[in-house]
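The structure file upload-v4.cif is reproduced below (mmCIF, C-alpha atoms).
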data_coords
#
loop_
_atom_site.label_atom_id
_atom_site.label_comp_id
_atom_site.auth_asym_id
_atom_site.auth_seq_id
_atom_site.Cartn_x
_atom_site.Cartn_y
_atom_site.Cartn_z
CA MET A 14 73.33 304.51 62.04
CA MET A 15 75.33 301.29 62.23
CA ALA A 16 77.64 302.56 59.45
CA ALA A 17 78.35 305.73 61.43
CA VAL A 18 79.20 303.72 64.56
CA ALA A 19 81.49 301.43 62.55
CA TRP A 20 83.24 304.45 61.01
CA ARG A 21 83.86 306.01 64.42
CA SER A 22 85.28 302.73 65.73
CA LEU A 23 87.71 302.59 62.79
CA LEU A 24 88.84 306.22 63.15
CA PRO A 25 91.53 305.54 65.79
CA VAL A 26 92.99 302.75 63.65
CA ILE A 27 93.05 305.03 60.59
CA MET A 28 94.68 307.85 62.54
CA ILE A 29 97.35 305.52 63.94
CA SER A 30 98.03 304.13 60.46
CA ILE A 31 98.40 307.64 59.02
CA PHE A 32 100.75 308.59 61.86
CA MET A 33 102.90 305.48 61.29
CA VAL A 34 103.15 306.21 57.56
CA TYR A 35 104.07 309.84 58.27
CA GLU A 36 106.62 308.81 60.90
CA ASP A 37 108.31 306.45 58.47
CA TRP A 38 108.32 309.05 55.69
CA VAL A 39 109.67 311.97 57.73
CA SER A 40 112.53 309.91 59.21
CA PHE A 41 113.66 308.24 55.97
CA PRO A 42 116.61 309.97 54.23
CA SER A 43 116.29 311.16 50.64
CA CYS A 44 119.58 311.65 48.78
CA LYS A 45 120.58 313.60 45.70
CA LEU A 46 123.76 312.77 43.79
CA LEU A 47 125.76 315.86 42.85
CA PRO A 48 128.12 316.35 39.91
CA SER A 49 131.68 315.28 40.55
CA THR A 50 133.76 318.37 39.86
CA THR A 51 131.89 321.58 39.17
CA TYR A 52 128.45 322.80 38.28
CA SER A 53 129.44 324.66 35.10
CA PRO A 54 127.79 322.93 32.12
CA ASP A 55 130.88 323.46 29.96
CA LYS A 56 133.15 321.64 32.40
CA HIS A 57 133.94 318.01 31.62
CA VAL A 58 132.92 315.57 34.39
CA GLU A 59 135.06 312.49 34.57
CA ASN A 60 133.55 309.08 35.14
CA VAL A 61 134.46 307.44 38.44
CA ASP A 62 135.22 303.72 38.54
CA ASP A 63 132.96 302.20 41.19
CA SER A 64 135.52 299.45 41.80
CA LEU A 65 137.80 302.08 43.38
CA GLU A 66 135.31 302.96 46.10
CA ASP A 67 137.07 302.80 49.43
CA LEU A 68 135.57 304.92 52.19
CA LYS A 69 132.01 306.20 52.61
CA VAL A 70 131.73 308.95 55.22
CA MET A 71 128.51 310.43 56.56
CA MET A 72 128.86 314.01 57.81
CA VAL A 73 126.40 315.91 59.99
CA ALA A 74 126.49 319.19 61.92
CA ASN A 75 124.48 321.43 64.24
CA LEU A 76 122.60 318.78 66.22
CA LEU A 77 121.87 321.44 68.89
CA LEU A 78 121.05 318.99 71.68
CA LEU A 79 119.74 320.33 74.97
CA GLY A 80 120.27 317.32 77.23
CA SER A 81 118.42 317.65 80.54
CA GLU A 82 117.04 321.05 79.46
CA ALA A 83 115.15 319.61 76.48
CA GLY A 84 111.43 320.39 76.60
CA PHE A 85 108.52 318.15 75.60
CA VAL A 86 108.50 319.12 71.91
CA ASN A 87 112.25 318.68 71.49
CA LEU A 88 112.46 315.46 73.47
CA TYR A 89 109.47 313.62 72.02
CA PHE A 90 109.31 315.07 68.52
CA ARG A 91 112.38 316.84 67.10
CA ASP A 92 115.06 314.79 68.84
CA TYR A 93 113.00 311.61 68.58
CA TYR A 94 112.73 311.93 64.81
CA MET A 95 116.39 312.91 64.52
CA SER A 96 117.29 309.66 66.30
CA LYS A 97 115.12 307.69 63.87
CA PHE A 98 116.69 309.64 61.02
CA PHE A 99 120.14 308.48 62.14
CA LYS A 100 118.99 304.87 62.36
CA LYS A 101 117.32 304.89 58.91
CA SER A 102 120.36 306.62 57.38
CA PHE A 103 122.65 303.96 58.78
CA GLN A 104 120.43 301.17 57.47
CA SER A 105 120.00 302.61 53.99
CA LEU A 106 123.48 304.12 53.34
CA ASN A 107 125.74 301.77 55.33
CA PRO A 108 128.50 304.36 55.91
CA ASP A 109 131.99 303.44 57.12
CA MET A 110 132.45 306.46 59.37
CA LEU A 111 130.57 309.35 60.97
CA LEU A 112 131.87 312.93 61.25
CA VAL A 113 130.09 315.58 63.33
CA LEU A 114 131.24 319.10 62.42
CA GLY A 115 130.38 320.99 65.57
CA ASP A 116 127.49 322.37 67.63
CA VAL A 117 126.54 319.08 69.22
CA SER A 118 125.07 321.20 72.00
CA ALA A 119 122.62 324.07 71.55
CA LYS A 120 124.24 326.10 74.34
CA GLY A 121 127.17 324.07 75.62
CA SER A 122 129.22 327.15 76.46
CA GLU A 123 126.64 328.05 79.12
CA LEU A 124 126.32 324.58 80.67
CA SER A 125 127.85 323.16 83.81
CA ARG A 126 129.78 319.93 83.44
CA THR A 127 126.87 317.99 84.91
CA LYS A 128 124.50 319.37 82.28
CA TRP A 129 127.12 318.77 79.59
CA LEU A 130 127.15 315.11 80.61
CA SER A 131 123.41 314.95 79.97
CA VAL A 132 124.04 316.31 76.46
CA LEU A 133 126.72 313.68 75.87
CA HIS A 134 124.36 310.96 77.11
CA GLN A 135 121.65 312.19 74.74
CA PHE A 136 124.22 312.30 71.92
CA ASP A 137 125.22 308.66 72.50
CA ASN A 138 121.59 307.54 72.61
CA MET A 139 120.81 309.40 69.40
CA LEU A 140 123.72 307.90 67.44
CA GLY A 141 122.58 304.33 68.09
CA PRO A 142 124.29 302.01 65.56
CA PHE A 143 126.82 304.69 64.61
CA LEU A 144 128.60 304.12 67.94
CA ASP A 145 130.08 300.95 66.44
CA LEU A 146 131.70 302.96 63.61
CA PRO A 147 134.78 305.21 63.64
CA LEU A 148 133.54 308.56 64.98
CA HIS A 149 135.11 312.02 64.99
CA VAL A 150 133.51 315.14 66.46
CA ILE A 151 134.81 318.70 66.18
CA LEU A 152 133.88 321.67 68.34
CA GLY A 153 131.55 324.50 67.31
CA ASP A 154 130.89 327.95 68.72
CA ARG A 155 127.77 326.81 70.56
CA ASP A 156 129.86 324.08 72.21
CA VAL A 157 132.68 326.29 73.53
CA GLY A 158 131.47 329.91 73.24
CA GLU A 159 133.03 333.01 71.69
CA CYS A 160 136.54 334.36 72.04
CA SER A 161 135.78 336.77 74.87
CA GLY A 162 134.81 333.88 77.12
CA LEU A 163 136.88 331.06 75.62
CA CYS A 164 138.38 329.02 78.44
CA ALA A 165 141.21 326.58 77.69
CA ASN A 166 140.28 324.34 80.64
CA SER A 167 136.65 324.08 79.50
CA VAL A 168 137.68 323.35 75.90
CA THR A 169 140.06 320.65 77.12
CA TRP A 170 137.36 319.04 79.26
CA ILE A 171 134.83 319.04 76.41
CA ALA A 172 137.43 317.75 73.93
CA ARG A 173 138.29 314.82 76.18
CA ASN A 174 134.72 313.58 75.85
CA PHE A 175 135.02 313.19 72.08
CA PRO A 176 137.35 310.65 70.44
CA GLY A 177 140.51 311.83 68.71
CA LEU A 178 140.63 315.45 69.93
CA ASP A 179 143.65 316.93 71.67
CA SER A 180 143.50 319.49 74.48
CA SER A 181 143.05 322.37 72.01
CA GLY A 182 140.10 320.70 70.25
CA CYS A 183 142.04 319.61 67.13
CA GLY A 184 142.61 316.17 65.69
CA ALA A 185 144.42 314.25 62.94
CA PHE A 186 143.83 310.69 61.81
CA GLU A 187 144.06 308.39 58.81
CA ILE A 188 141.54 305.77 57.77
CA SER A 189 141.58 303.66 54.59
CA ASN A 190 144.62 305.61 53.37
CA ILE A 191 142.72 308.92 53.63
CA SER A 192 144.24 311.60 55.90
CA PHE A 193 141.98 313.94 57.87
CA VAL A 194 142.86 317.03 59.93
CA SER A 195 140.28 318.79 62.12
CA LEU A 196 140.82 322.25 63.59
CA ASN A 197 139.24 324.22 66.40
CA ALA A 198 138.01 327.03 64.15
CA VAL A 199 136.60 329.05 67.05
CA ALA A 200 140.12 329.54 68.44
CA LEU A 201 141.28 330.88 65.07
CA LEU A 202 138.95 333.86 65.54
CA CYS A 203 140.79 334.91 68.68
CA GLY A 204 143.77 337.23 69.05
CA ASN A 205 146.49 336.56 71.60
CA ASN A 206 144.85 333.47 72.97
CA LYS A 207 146.65 330.30 74.11
CA LEU A 208 144.19 328.10 72.26
CA ARG A 209 144.83 329.91 69.00
CA PHE A 210 148.58 329.41 69.40
CA ASP A 211 147.95 325.71 70.16
CA VAL A 212 145.90 325.39 66.96
CA GLU A 213 148.71 327.06 64.98
CA LYS A 214 151.14 324.48 66.40
CA VAL A 215 148.86 321.69 65.20
CA ILE A 216 148.73 323.21 61.71
CA GLU A 217 152.51 323.58 61.60
CA ARG A 218 153.08 320.03 62.86
CA GLU A 219 150.74 318.56 60.27
CA SER A 220 152.32 320.69 57.54
CA VAL A 221 155.82 319.42 58.36
CA GLY A 222 154.59 315.84 58.53
CA LEU A 223 152.86 316.10 55.15
CA GLN A 224 155.96 317.59 53.49
CA MET A 225 158.11 314.79 54.88
CA GLU A 226 155.69 312.22 53.46
CA ILE A 227 155.29 313.81 50.03
CA GLU A 228 158.69 315.36 49.28
CA GLY A 229 160.98 313.08 51.28
CA MET A 230 163.04 313.84 54.36
CA ASP A 231 166.15 315.28 52.64
CA GLU A 232 164.32 317.54 50.21
CA THR A 233 161.90 318.82 52.85
CA ASN A 234 164.66 319.63 55.33
CA ASN A 235 166.07 322.12 52.85
CA GLY A 236 163.04 324.33 53.39
CA PHE A 237 162.49 323.88 57.10
CA GLY A 238 164.67 326.84 58.04
CA MET A 239 162.92 329.20 55.65
CA PHE A 240 160.01 331.28 56.90
CA SER A 241 157.59 333.54 55.10
CA GLU A 242 155.91 336.55 56.68
CA MET A 243 152.57 336.85 54.85
CA SER A 244 150.41 338.71 57.37
CA ASN A 245 150.68 340.62 60.61
CA ASP A 246 149.53 337.66 62.71
CA PHE A 247 150.93 334.51 61.10
CA ARG A 248 154.51 333.47 60.29
CA TRP A 249 155.09 330.07 58.71
CA ARG A 250 157.57 327.84 56.93
CA VAL A 251 157.94 327.82 53.18
CA ASN A 252 155.82 324.98 51.75
CA ALA A 253 156.59 323.47 48.35
CA MET A 254 153.57 321.15 48.34
CA LYS A 255 151.08 321.52 45.49
CA SER A 256 147.55 322.79 46.11
CA GLY A 257 145.17 319.92 46.79
CA SER A 258 147.91 317.48 47.84
CA GLY A 259 147.18 317.69 51.58
CA PRO A 260 144.58 316.15 53.89
CA VAL A 261 140.81 316.38 54.04
CA LEU A 262 140.23 319.44 56.24
CA LEU A 263 137.39 319.53 58.79
CA LEU A 264 136.33 322.64 60.70
CA HIS A 265 133.17 324.25 62.03
CA PHE A 266 133.43 327.73 60.51
CA PRO A 267 133.80 328.01 56.73
CA LEU A 268 137.04 329.47 55.48
CA TYR A 269 137.05 333.05 54.19
CA ARG A 270 135.54 332.96 50.72
CA SER A 271 136.50 334.48 47.42
CA GLY A 272 135.49 332.85 44.18
CA LYS A 273 132.26 331.17 43.17
CA THR A 274 129.70 329.81 45.65
CA HIS A 275 126.90 327.39 44.80
CA ILE A 276 123.89 327.49 47.13
CA TRP A 277 121.28 324.76 47.06
CA GLU A 278 117.81 326.20 46.53
CA GLY A 279 115.01 323.72 46.04
CA SER A 280 116.26 321.24 43.44
CA THR A 281 118.91 323.42 41.77
CA PHE A 282 122.10 325.31 42.57
CA LYS A 283 122.29 329.08 42.45
CA SER A 284 125.73 330.54 41.70
CA ILE A 285 126.80 333.60 43.73
CA ILE A 286 130.02 335.60 43.88
CA ASP A 287 130.16 337.58 47.15
CA PRO A 288 133.16 339.96 47.43
CA SER A 289 132.72 340.24 51.22
CA GLY A 290 134.19 336.76 51.78
CA LYS A 291 131.32 335.87 54.11
CA VAL A 292 128.47 333.45 53.54
CA PRO A 293 125.98 335.19 51.21
CA ALA A 294 122.87 336.49 52.94
CA SER A 295 120.67 334.51 50.55
CA ALA A 296 122.09 331.34 52.09
CA GLN A 297 120.71 332.20 55.52
CA ARG A 298 117.26 330.80 56.06
CA GLU A 299 114.51 333.00 57.42
CA GLY A 300 111.91 331.95 59.95
CA PHE A 301 114.27 330.36 62.45
CA SER A 302 115.88 332.12 65.39
CA GLY A 303 118.93 331.61 67.54
CA THR A 304 122.25 331.87 65.73
CA GLY A 305 124.47 331.20 68.73
CA PRO A 306 127.54 333.22 69.76
CA TYR A 307 128.46 334.06 66.15
CA ASP A 308 126.37 335.16 63.20
CA LEU A 309 125.62 332.51 60.56
CA SER A 310 127.74 334.43 58.04
CA GLN A 311 130.86 334.10 60.24
CA THR A 312 133.96 332.68 58.54
CA VAL A 313 137.57 332.04 59.50
CA PRO A 314 139.46 335.38 59.11
CA PRO A 315 141.32 336.01 55.82
CA ASN A 316 144.81 335.80 57.39
CA ALA A 317 144.05 332.48 59.11
CA THR A 318 142.48 331.15 55.90
CA GLU A 319 145.63 332.09 53.94
CA TYR A 320 147.76 330.40 56.58
CA ILE A 321 145.72 327.17 56.41
CA PHE A 322 145.87 327.00 52.63
CA HIS A 323 149.62 327.65 52.66
CA ALA A 324 150.44 325.13 55.38
CA LEU A 325 148.04 322.24 54.70
CA LYS A 326 147.15 322.45 50.97
CA PRO A 327 143.85 320.65 51.69
CA ARG A 328 142.46 318.45 48.92
CA ILE A 329 138.88 319.19 50.00
CA ILE A 330 137.31 321.07 52.92
CA PHE A 331 134.16 320.29 54.89
CA SER A 332 132.69 322.97 57.16
CA ALA A 333 129.39 323.78 58.86
CA HIS A 334 127.84 326.60 60.97
CA THR A 335 125.72 328.23 58.22
CA GLN A 336 122.93 325.61 58.65
CA GLU A 337 122.73 325.41 54.82
CA PHE A 338 124.26 323.22 52.12
CA ILE A 339 126.78 325.36 50.20
CA ASP A 340 129.37 324.29 47.63
CA HIS A 341 132.25 326.75 47.20
CA THR A 342 135.32 326.75 44.98
CA HIS A 343 138.30 328.70 46.30
CA PRO A 344 140.61 330.61 43.90
CA ASP A 345 143.18 327.78 43.82
CA GLY A 346 140.47 325.31 42.80
CA THR A 347 140.04 323.72 46.23
CA ARG A 348 136.46 322.75 46.92
CA GLU A 349 134.70 323.49 50.21
CA VAL A 350 131.40 321.83 51.07
CA THR A 351 129.35 323.30 53.90
CA ILE A 352 127.06 320.82 55.63
CA PRO A 353 123.43 321.72 56.50
CA ALA A 354 122.01 321.50 60.00
CA MET A 355 120.82 318.06 61.10
CA THR A 356 117.92 319.26 63.23
CA TRP A 357 114.36 320.48 62.96
CA LYS A 358 115.22 323.18 65.52
CA VAL A 359 116.61 325.53 62.86
CA ARG A 360 115.25 324.28 59.53
CA ASP A 361 112.25 322.40 58.20
CA ASP A 362 114.36 319.95 56.16
CA PRO A 363 117.35 318.65 58.18
CA GLY A 364 120.19 317.36 56.07
CA PHE A 365 123.59 315.71 55.92
CA ILE A 366 126.06 314.66 53.27
CA VAL A 367 127.75 311.38 52.35
CA ALA A 368 131.16 311.66 50.67
CA THR A 369 132.81 308.67 49.01
CA PHE A 370 136.61 308.74 48.98
CA GLN A 371 138.48 306.69 46.39
CA ARG A 372 141.71 304.74 46.77
CA ASN A 373 143.46 307.42 44.76
CA LYS A 374 142.52 309.77 47.63
CA SER A 375 140.04 311.79 45.60
CA ALA A 376 136.62 312.55 46.98
CA GLU A 377 133.60 311.59 44.95
CA ASP A 378 130.91 314.18 45.42
CA PRO A 379 128.52 314.04 48.37
CA ASN A 380 124.93 312.97 48.36
#

What would you get if you wrote out this structure as structure tokens?
Amino acid sequence: MMAAVAWRSLLPVIMISIFMVYEDWVSFPSCKLLPSTTYSPDKHVENVDDSLEDLKVMMVANLLLLGSEAGFVNLYFRDYYMSKFFKKSFQSLNPDMLLVLGDVSAKGSELSRTKWLSVLHQFDNMLGPFLDLPLHVILGDRDVGECSGLCANSVTWIARNFPGLDSSGCGAFEISNISFVSLNAVALLCGNNKLRFDVEKVIERESVGLQMEIEGMDETNNGFGMFSEMSNDFRWRVNAMKSGSGPVLLLHFPLYRSGKTHIWEGSTFKSIIDPSGKVPASAQREGFSGTGPYDLSQTVPPNATEYIFHALKPRIIFSAHTQEFIDHTHPDGTREVTIPAMTWKVRDDPGFIVATFQRNKSAEDPN
């Protein structure tokens, strides 16, 4: 009888101990190092000199915060553990910079400015120690809505609340000799829309700047008057830059895809070639609802994708939206890494990536 009483008295302590162990386990990041160039076994993988390590960037996406509209489960469980996840990631990985590739808000396009402020306050509280690091946030479709309701004034107001974005929701910056360009991919889905034209101006400006840096002022000027008509919607200057010589490109929607796609399933990659150019259906996780204004297979249109490759010649691309980790190689050899959702709201294993950029401006593969 005494043993039974003693056992019952210890039960709360045991339960609390189990909960603390579980809490520590679920909020501690687990990383996998990926091969450095491609996943084909017959492809040579070059060794990377650790002494060249220069910039370690943590990238997340699809936080889907609800601000003042967050219910009990989201506020005290999902978002609470996501906040701890950020803190543990910072402590264990010690990144130099944080990039958020869109969908900070779960339904920002529907919120008043007052409610948006509550989302921004929740965002700041969740980041914790990351607020002391360089931070760049791009806009997703849940943040600004779809083309039919895209409002330039609303986009400008939201963009002003995130560092480094211009009025169209684009940005360009350089850190540790690595150049980054971020685009408002939602606007690129629109037709005759002022925001889309503003994004095109950003692309053209960055393209001219890159050519002046790489080719030299005199040589580049020779091509500035030459234009190429390569689609019905886009008209751009001739660009003599080599593929892969441009900036790191950041955007919410993946670019239109042709070539080989690697989808992470369990502990291995599955290779898929999808002629549709969209994210393969097998990459879209079942059991979770709410895709936002655009389907999870949505990509940047083919003509806009062609324009971006021609103008910017990105050395590597990071995108989001699909909620899954996907590694894609475009026909010119440019690699695009799609970042998984960083929330328990849409998947049972939230994720992020860490990319290490070298002084020679190459990107070592993400964890």

Skipping near chain neighbours, those fewer than 3 positions away, what residues fall within 10 Å of Lys207 in chain A using all atoms listed in the file, listed as an mmCIF file with C-alpha atoms, in the coordinates of the input?
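Generated output (selection.cif):
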data_model
loop_
_atom_site.group_PDB
_atom_site.id
_atom_site.type_symbol
_atom_site.label_atom_id
_atom_site.label_comp_id
_atom_site.auth_asym_id
_atom_site.auth_seq_id
_atom_site.Cartn_x
_atom_site.Cartn_y
_atom_site.Cartn_z
ATOM 1 C CA LEU A 163 136.880 331.060 75.620
ATOM 2 C CA CYS A 164 138.380 329.020 78.440
ATOM 3 C CA ALA A 165 141.210 326.580 77.690
ATOM 4 C CA SER A 181 143.050 322.370 72.010
ATOM 5 C CA ALA A 200 140.120 329.540 68.440
ATOM 6 C CA CYS A 203 140.790 334.910 68.680
ATOM 7 C CA GLY A 204 143.770 337.230 69.050
ATOM 8 C CA PHE A 210 148.580 329.410 69.400
ATOM 9 C CA ASP A 211 147.950 325.710 70.160
ATOM 10 C CA VAL A 212 145.900 325.390 66.960
ATOM 11 C CA GLU A 213 148.710 327.060 64.980
#

key: Contacts of range 79-96 of chain A at 10 Å (all atoms listed in the file; same-chain gap of 4+ positions) as a PyMOL selection string   = chain A and resi 36-37+39-41+100-102+117-121+124+127-136+138-141+355-358+363

Given the file above and the PyMOL selection byres ((chain A and resi 194) around 6), which residues are selected, and can you give them as a tab-separated table (two decimals) with C-alpha atoms, in the frame of the given file?
chain	number	residue	atom	x	y	z
A	184	GLY	CA	142.61	316.17	65.69
A	185	ALA	CA	144.42	314.25	62.94
A	193	PHE	CA	141.98	313.94	57.87
A	195	SER	CA	140.28	318.79	62.12
A	262	LEU	CA	140.23	319.44	56.24

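Using all atoms listed in the file, the smallest distance between any of A:Val313, A:Val168, A:Leu202, A:Ala324 and Tyr269 in chain A comes from A:Val313.
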
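Among the candidates A:Met110, A:His343, A:Leu208, A:Ile191, the residue lying nearest to Thr169 in chain A is A:Leu208 (atoms considered: all atoms listed in the file).
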
ask   = Is there a way to get, as number ranges by chain, all residues within 7 Å of the point (145.0, 325.0, 50.9) in file coordinates, counting only C-alpha atoms?
value = A: 256-257, 321-323, 325-327, 347

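Take CA of Ser192 in chain A and CA of Val150 in chain A: the distance between them is 15.5 Å.
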